[in-house]
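*Asks:* Let me give you the structure first, and then I'll get to my questions.
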Amino acid sequence: YTTFQYCQKRFIDYIALLTLVPITLVAIGYSWYRIQKESPGPLFFKQKRVGLSEKEFTCIKLRSMHLNAEENGAQFATKDDPRTFPWGATIRKHKIDELIQLWNVFKGEMHFVGPRPERKIWIKEFEKSIPYYSQRHVVSPGITGLAQIKYQYGAGKLDAQQKLMYDLYYIKNWSLSLEIKIIWKTALFVLTKKREDLSNF
């Protein structure tokens, strides 16, 4: 991004923070109650993710899975992941678990819109076999993005290739109007669960 584009994105970030923080606080309070009831343990789930220039940072979410979710090693999350508890499945479905990442946005580790941050273990695998995969790290990751409203949960190399197509389209064709459209489509997706065709952009 140019300096002006970066300032535009940060302005959008702060608008999102001011708008969504009250909702996030309510979600945190109610989630604490439900999580302690259904899967006692930490309220937050913290995990290292790769961001701008392939630098790692600690990404935070509301915990949606049982504590032993990865006792057999790293796994991709799926749409109806059996490792979730009831409230966890609900907040994942409606993306409520990701609202807490506004903290990462506030710290400047993420934007509100951008490619989703991925784990280093998967990135190293994808970079070996997917051309240009590292190019998604020329911008900071986001809570939502074009790939998130266009494609399903990633569950392997093929899904990563498809999502990369949308990430690179976003990076190459970035504009303020595209940014706003992605935010609008994200709101519609959360409410309706319908994904849009790329032609609509």
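Just remember, in the structure tokens the first chain shown is A, the second B, etc., residues are 1-based per chain, and ligands are 1-based in the order shown.
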I'd like the neighbourhood of stretch 155-169 of chain A as a ChimeraX atom specification, where a residue qualifies if any of its atoms comes within 8 Å (using only C-alpha atoms), though same-chain residues fewer than 3 positions away should be ignored.
*Replies:* /A:76-78,114-115,126,130,133,135-136,145-148,150-151,172-173
*Asks:* Would you mind exporting the chosen residues as an mmCIF file, in the first residue's frame, restricted to C-alpha atoms?
*Replies:*
data_model
loop_
_atom_site.group_PDB
_atom_site.id
_atom_site.type_symbol
_atom_site.label_atom_id
_atom_site.label_comp_id
_atom_site.auth_asym_id
_atom_site.auth_seq_id
_atom_site.Cartn_x
_atom_site.Cartn_y
_atom_site.Cartn_z
ATOM 1 C CA PHE A 76 -7.504 -27.672 9.865
ATOM 2 C CA ALA A 77 -10.813 -26.375 11.177
ATOM 3 C CA THR A 78 -13.857 -27.560 9.239
ATOM 4 C CA GLY A 114 -7.129 -8.469 4.662
ATOM 5 C CA PRO A 115 -6.008 -12.056 4.046
ATOM 6 C CA PHE A 126 1.907 -24.341 1.063
ATOM 7 C CA ILE A 130 1.663 -23.269 -4.290
ATOM 8 C CA TYR A 133 1.742 -18.126 -1.817
ATOM 9 C CA GLN A 135 2.766 -12.840 -1.780
ATOM 10 C CA ARG A 136 -0.217 -12.793 0.576
ATOM 11 C CA GLY A 145 -11.419 -10.524 3.657
ATOM 12 C CA LEU A 146 -12.411 -11.318 0.117
ATOM 13 C CA ALA A 147 -11.507 -14.999 0.473
ATOM 14 C CA GLN A 148 -13.628 -15.307 3.610
ATOM 15 C CA LYS A 150 -16.126 -16.036 -1.312
ATOM 16 C CA TYR A 151 -14.899 -19.391 -0.106
ATOM 17 C CA LYS A 172 -3.640 -6.272 -6.657
ATOM 18 C CA ASN A 173 -6.959 -4.440 -6.998
#
*Asks:* Write out as an mmCIF file with all heavy atoms, in the first residue's frame each polymer residue whose atoms come within 7 Å of stretch 32-40 of chain A, counting only C-alpha atoms; drop sequence neighbours fewer than 3 positions from it.
*Replies:*
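Dumped to part_17.cif:
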data_model
loop_
_atom_site.group_PDB
_atom_site.id
_atom_site.type_symbol
_atom_site.label_atom_id
_atom_site.label_comp_id
_atom_site.auth_asym_id
_atom_site.auth_seq_id
_atom_site.Cartn_x
_atom_site.Cartn_y
_atom_site.Cartn_z
ATOM 1 N N ILE A 28 -18.167 -11.197 24.909
ATOM 2 C CA ILE A 28 -17.207 -11.732 25.870
ATOM 3 C C ILE A 28 -17.916 -12.136 27.160
ATOM 4 O O ILE A 28 -17.699 -13.227 27.698
ATOM 5 C CB ILE A 28 -16.095 -10.702 26.164
ATOM 6 C CG1 ILE A 28 -15.184 -10.546 24.940
ATOM 7 C CG2 ILE A 28 -15.275 -11.121 27.386
ATOM 8 C CD1 ILE A 28 -14.160 -9.433 25.089
ATOM 9 N N GLY A 29 -18.782 -11.255 27.656
ATOM 10 C CA GLY A 29 -19.475 -11.535 28.904
ATOM 11 C C GLY A 29 -20.356 -12.774 28.819
ATOM 12 O O GLY A 29 -20.288 -13.657 29.685
ATOM 13 N N LEU A 43 -11.204 -18.557 28.597
ATOM 14 C CA LEU A 43 -12.164 -17.889 27.723
ATOM 15 C C LEU A 43 -11.563 -17.629 26.350
ATOM 16 O O LEU A 43 -12.232 -17.771 25.328
ATOM 17 C CB LEU A 43 -12.596 -16.566 28.361
ATOM 18 C CG LEU A 43 -13.479 -15.637 27.527
ATOM 19 C CD1 LEU A 43 -14.809 -16.305 27.207
ATOM 20 C CD2 LEU A 43 -13.696 -14.318 28.274
ATOM 21 N N HIS A 66 -13.004 -27.620 22.462
ATOM 22 C CA HIS A 66 -12.595 -28.224 23.727
ATOM 23 C C HIS A 66 -11.074 -28.113 23.886
ATOM 24 O O HIS A 66 -10.336 -27.973 22.905
ATOM 25 C CB HIS A 66 -13.021 -29.694 23.778
ATOM 26 C CG HIS A 66 -14.512 -29.872 23.859
ATOM 27 N ND1 HIS A 66 -15.248 -29.473 24.958
ATOM 28 C CD2 HIS A 66 -15.396 -30.409 22.975
ATOM 29 C CE1 HIS A 66 -16.527 -29.749 24.760
ATOM 30 N NE2 HIS A 66 -16.655 -30.324 23.565
ATOM 31 N N PHE A 85 -17.800 -27.260 21.072
ATOM 32 C CA PHE A 85 -18.923 -27.469 21.974
ATOM 33 C C PHE A 85 -20.079 -26.608 21.454
ATOM 34 O O PHE A 85 -19.882 -25.790 20.548
ATOM 35 C CB PHE A 85 -18.546 -27.122 23.418
ATOM 36 C CG PHE A 85 -17.810 -25.822 23.593
ATOM 37 C CD1 PHE A 85 -18.504 -24.635 23.801
ATOM 38 C CD2 PHE A 85 -16.414 -25.786 23.541
ATOM 39 C CE1 PHE A 85 -17.831 -23.436 23.963
ATOM 40 C CE2 PHE A 85 -15.732 -24.588 23.704
ATOM 41 C CZ PHE A 85 -16.442 -23.408 23.909
ATOM 42 N N TRP A 87 -21.945 -23.864 22.220
ATOM 43 C CA TRP A 87 -21.804 -22.417 22.070
ATOM 44 C C TRP A 87 -20.620 -22.087 21.164
ATOM 45 O O TRP A 87 -20.660 -21.126 20.399
ATOM 46 C CB TRP A 87 -21.641 -21.735 23.429
ATOM 47 C CG TRP A 87 -21.432 -20.251 23.326
ATOM 48 C CD1 TRP A 87 -20.340 -19.532 23.690
ATOM 49 C CD2 TRP A 87 -22.371 -19.287 22.815
ATOM 50 N NE1 TRP A 87 -20.519 -18.196 23.445
ATOM 51 C CE2 TRP A 87 -21.759 -18.017 22.905
ATOM 52 C CE3 TRP A 87 -23.663 -19.386 22.287
ATOM 53 C CZ2 TRP A 87 -22.397 -16.850 22.497
ATOM 54 C CZ3 TRP A 87 -24.300 -18.209 21.876
ATOM 55 C CH2 TRP A 87 -23.679 -16.967 21.979
#
*Asks:* Select from stretch 39-102 of chain A everything DSSP, run on the backbone, classes as helix (DSSP H, G or I), then give the selection as a list in words.
*Replies:*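 Reading the DSSP output for stretch 39-102 of chain A, helix (DSSP H, G or I) covers Leu52, Ser53, Glu54, Pro86, Trp87, Gly88, Ala89, Thr90, Ile91, Arg92, Lys93, Ile96, Asp97, Glu98, Leu99, Ile100, Gln101 and Leu102 of chain A.
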*Asks:* Expressed in Å to a single decimal, how great is the separation between atom CA of A:Ser31 and atom CA of A:Asp81?
*Replies:*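 If I compute the distance from atom CA of A:Ser31 to atom CA of A:Asp81, I get 18.5 Å.
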*Asks:* Which residues are near A:Trp184? Cut-off 12 Å, only C-alpha atoms, ignore same chain within fewer than 2 positions. Put them as a ChimeraX atom specification.
*Replies:* /A:113,144-146,149,177-182,186-191,196,201
